[in-house]
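K.L.:
Provided herewith is a single structure, encoded as structure tokens, for subsequent inquiry.
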Amino acid sequence: MTKGFSVAGSNDSAGEQHVETPEIEPDYRFTLANERTFLAWARTALGLLAAAVAVVQLLPELPIPGARKLLGVFLALLAMMTAGMGYRRWAQIDRAMRRDLPLPRQPAIAYLAVGLIGIGLITLALVIVKVVAG
Amino acid sequence: MTSPEPNVRPEPGRQAERTTLAWTRTSFAVLANGALLVVKDLHADARPLNLIAAGLAIALALTTCVIGIERQRTLARRPLPQDIAPRRSVRLIGISLIVLIGVTVVALAG
């Protein structure tokens with residue numbers, strides 16, 4: 001949703017980044033979009049947390065002892081990072097909009113993707129181990 | 001999103017509605033986590049740390065729901081208040097969520 005932003009007028013504010021930039025009230029729609037983006041991050045974190053709880057509580061014990069707990073804790077830590085990232089993003093975007101600066105870059109998604117790929121690979125490895133072990 | 005005309009504050013309408021629904025949805029997501037934490041403990045010995053985490057989740061779900069209702073009221077006001085950024089709510093939910101995840105990690109690892 002934040003993609004709907006047009007950072008108009010940011011060219012004239014580029015030179016005064018280090019000076020006290022007067023704060024402007026952004027269009028309420030941008031504020032609401034930022035709020036919804038934060039909530040979407042929060043729900044992503046909650047989804048990861050639910051996966052963590054489900055892995056530990058509901059999954060049968062995996063071929064490698066302790067792997068279940070490790071996978072669960074890894075997922076939960078990813079959830080925590082996601083929650084923190086969502087909050088940080090909200091604050092960054094809010095500040096940028098109020099100072100009419102260009103929106104900050106978005107590296108958080110890449111971290112999350114790498115984490116999820118890692119979990120996918122671990123799960124795949126566990127399946128292979130199970131097949132090989134019979 | 002269509003490109004907005006400058007200096008025009010059109011009716012929030014769906015924007016406000018979507019935002020309120022996003023709060024509600026988040027509240028349900030928290031509640032689901034709370035339920036998931038105790039689903040196994042209902043017919044076994046309840047582990048205290050799981051119960052604490054579940055209690056925390058229920059409290060956070062209620063808080064999120066209350067914020068959503070408050071938000072709906074704020075956004076229904078005409079004219080719309082100048083500054084509608086929910087700084088305190090976002091900080092409260094953001095930090096509480098990290099705490100909830102932290103307690104859950106300890107509960108899962110223990």
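Following the order of the structure tokens, first chain is A, next is B, and so on, with residues numbered from 1 inside each chain and ligands from 1 in the order they appear.
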Report as an NGL selection string the set of chain B residues whose atoms approach chain A to within 8 Å, with distances computed over only C-alpha atoms.
P.N.:
:B and (1 or 9 or 12 or 15-16 or 19 or 22-23 or 26 or 29-30 or 32-33 or 36-37 or 40 or 82-86 or 90-91 or 94-95 or 97-98 or 101-102 or 104-105 or 108-109)
K.L.:
Just write the chosen residues, C-alpha atoms, as an mmCIF file, in the first residue's frame.
P.N.:
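Now in selection.cif:
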data_model
loop_
_atom_site.group_PDB
_atom_site.id
_atom_site.type_symbol
_atom_site.label_atom_id
_atom_site.label_comp_id
_atom_site.auth_asym_id
_atom_site.auth_seq_id
_atom_site.Cartn_x
_atom_site.Cartn_y
_atom_site.Cartn_z
ATOM 1 C CA MET B 1 -4.999 4.828 -5.537
ATOM 2 C CA ARG B 9 -9.232 16.377 1.822
ATOM 3 C CA PRO B 12 -11.919 9.089 4.378
ATOM 4 C CA GLN B 15 -9.613 4.288 3.976
ATOM 5 C CA ALA B 16 -10.865 4.562 7.550
ATOM 6 C CA THR B 19 -7.715 0.722 8.706
ATOM 7 C CA ALA B 22 -6.826 -4.093 9.814
ATOM 8 C CA TRP B 23 -6.836 -3.512 13.584
ATOM 9 C CA THR B 26 -4.623 -8.116 13.926
ATOM 10 C CA ALA B 29 -4.345 -12.997 14.870
ATOM 11 C CA VAL B 30 -3.138 -12.332 18.428
ATOM 12 C CA ALA B 32 -5.372 -17.234 17.600
ATOM 13 C CA ASN B 33 -1.826 -17.361 18.947
ATOM 14 C CA LEU B 36 -2.671 -22.184 19.946
ATOM 15 C CA LEU B 37 -0.485 -21.871 23.046
ATOM 16 C CA LYS B 40 -2.430 -28.874 23.915
ATOM 17 C CA GLN B 82 -5.269 17.375 11.919
ATOM 18 C CA ASP B 83 -2.802 14.872 13.361
ATOM 19 C CA ILE B 84 -4.148 11.320 13.171
ATOM 20 C CA ALA B 85 -0.858 9.395 13.448
ATOM 21 C CA PRO B 86 -1.452 6.767 16.186
ATOM 22 C CA VAL B 90 1.718 1.748 17.454
ATOM 23 C CA ARG B 91 4.413 1.915 20.132
ATOM 24 C CA GLY B 94 4.818 -2.951 18.716
ATOM 25 C CA ILE B 95 6.539 -3.341 22.085
ATOM 26 C CA LEU B 97 4.144 -7.885 20.516
ATOM 27 C CA ILE B 98 7.911 -8.213 20.973
ATOM 28 C CA ILE B 101 7.044 -13.273 21.279
ATOM 29 C CA GLY B 102 9.861 -13.208 23.852
ATOM 30 C CA THR B 104 6.592 -17.483 23.881
ATOM 31 C CA VAL B 105 10.211 -18.228 22.929
ATOM 32 C CA LEU B 108 8.754 -23.061 23.781
ATOM 33 C CA ALA B 109 12.404 -23.532 24.692
#
K.L.:
Find the residues near B:Ala53: any atom within 10 Å, counting only C-alpha atoms, skip ones fewer than 2 places away on the same chain, and give them as a PyMOL selection string.
P.N.:
chain B and resi 33-34+37-38+48-51+55-59+99-107
K.L.:
Quote the spacing between atom CA of B:Gly13 and atom CA of A:Gln106 in Å to one decimal place.
P.N.:
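One can read the atom CA of B:Gly13 to atom CA of A:Gln106 distance as 29.0 Å.
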K.L.:
Give the answer as one residue: which of B:Ser96, B:Leu31, B:Arg25, B:Thr20 has the shortest atom-to-atom distance to B:Ala61, using only C-alpha atoms?
P.N.:
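Checking each candidate against B:Ala61, we get B:Leu31 as the closest.
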K.L.:
I'd like the interatomic distance between atom CA of B:Thr24 and atom CA of B:Leu62, to a tenth of an Å.
P.N.:
9.9 Å
K.L.:
For a quick check of understanding, using only C-alpha atoms, which of B:Arg88, B:Thr74, B:Arg14, B:Thr63 has the smallest distance to B:Phe28?
P.N.:
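Closest to B:Phe28 of all the choices is B:Thr63.
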K.L.:
So how many Å separate atom CA of A:Pro63 and atom CA of A:Val129, to one decimal?
P.N.:
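Atom-to-atom, atom CA of A:Pro63 to atom CA of A:Val129, that is 7.2 Å.
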K.L.:
Give me, as a list in words, the residues of stretch 84-118 of chain A that a backbone DSSP run labels alpha helix (DSSP H).
P.N.:
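Matching residues for alpha helix (DSSP H) in stretch 84-118 of chain A are Gly84, Met85, Gly86, Tyr87, Arg88, Arg89, Trp90, Ala91, Gln92, Ile93, Asp94, Arg95, Ala96, Met97, Arg98, Ala108, Ile109, Ala110, Tyr111, Leu112, Ala113, Val114, Gly115, Leu116, Ile117 and Gly118 of chain A.
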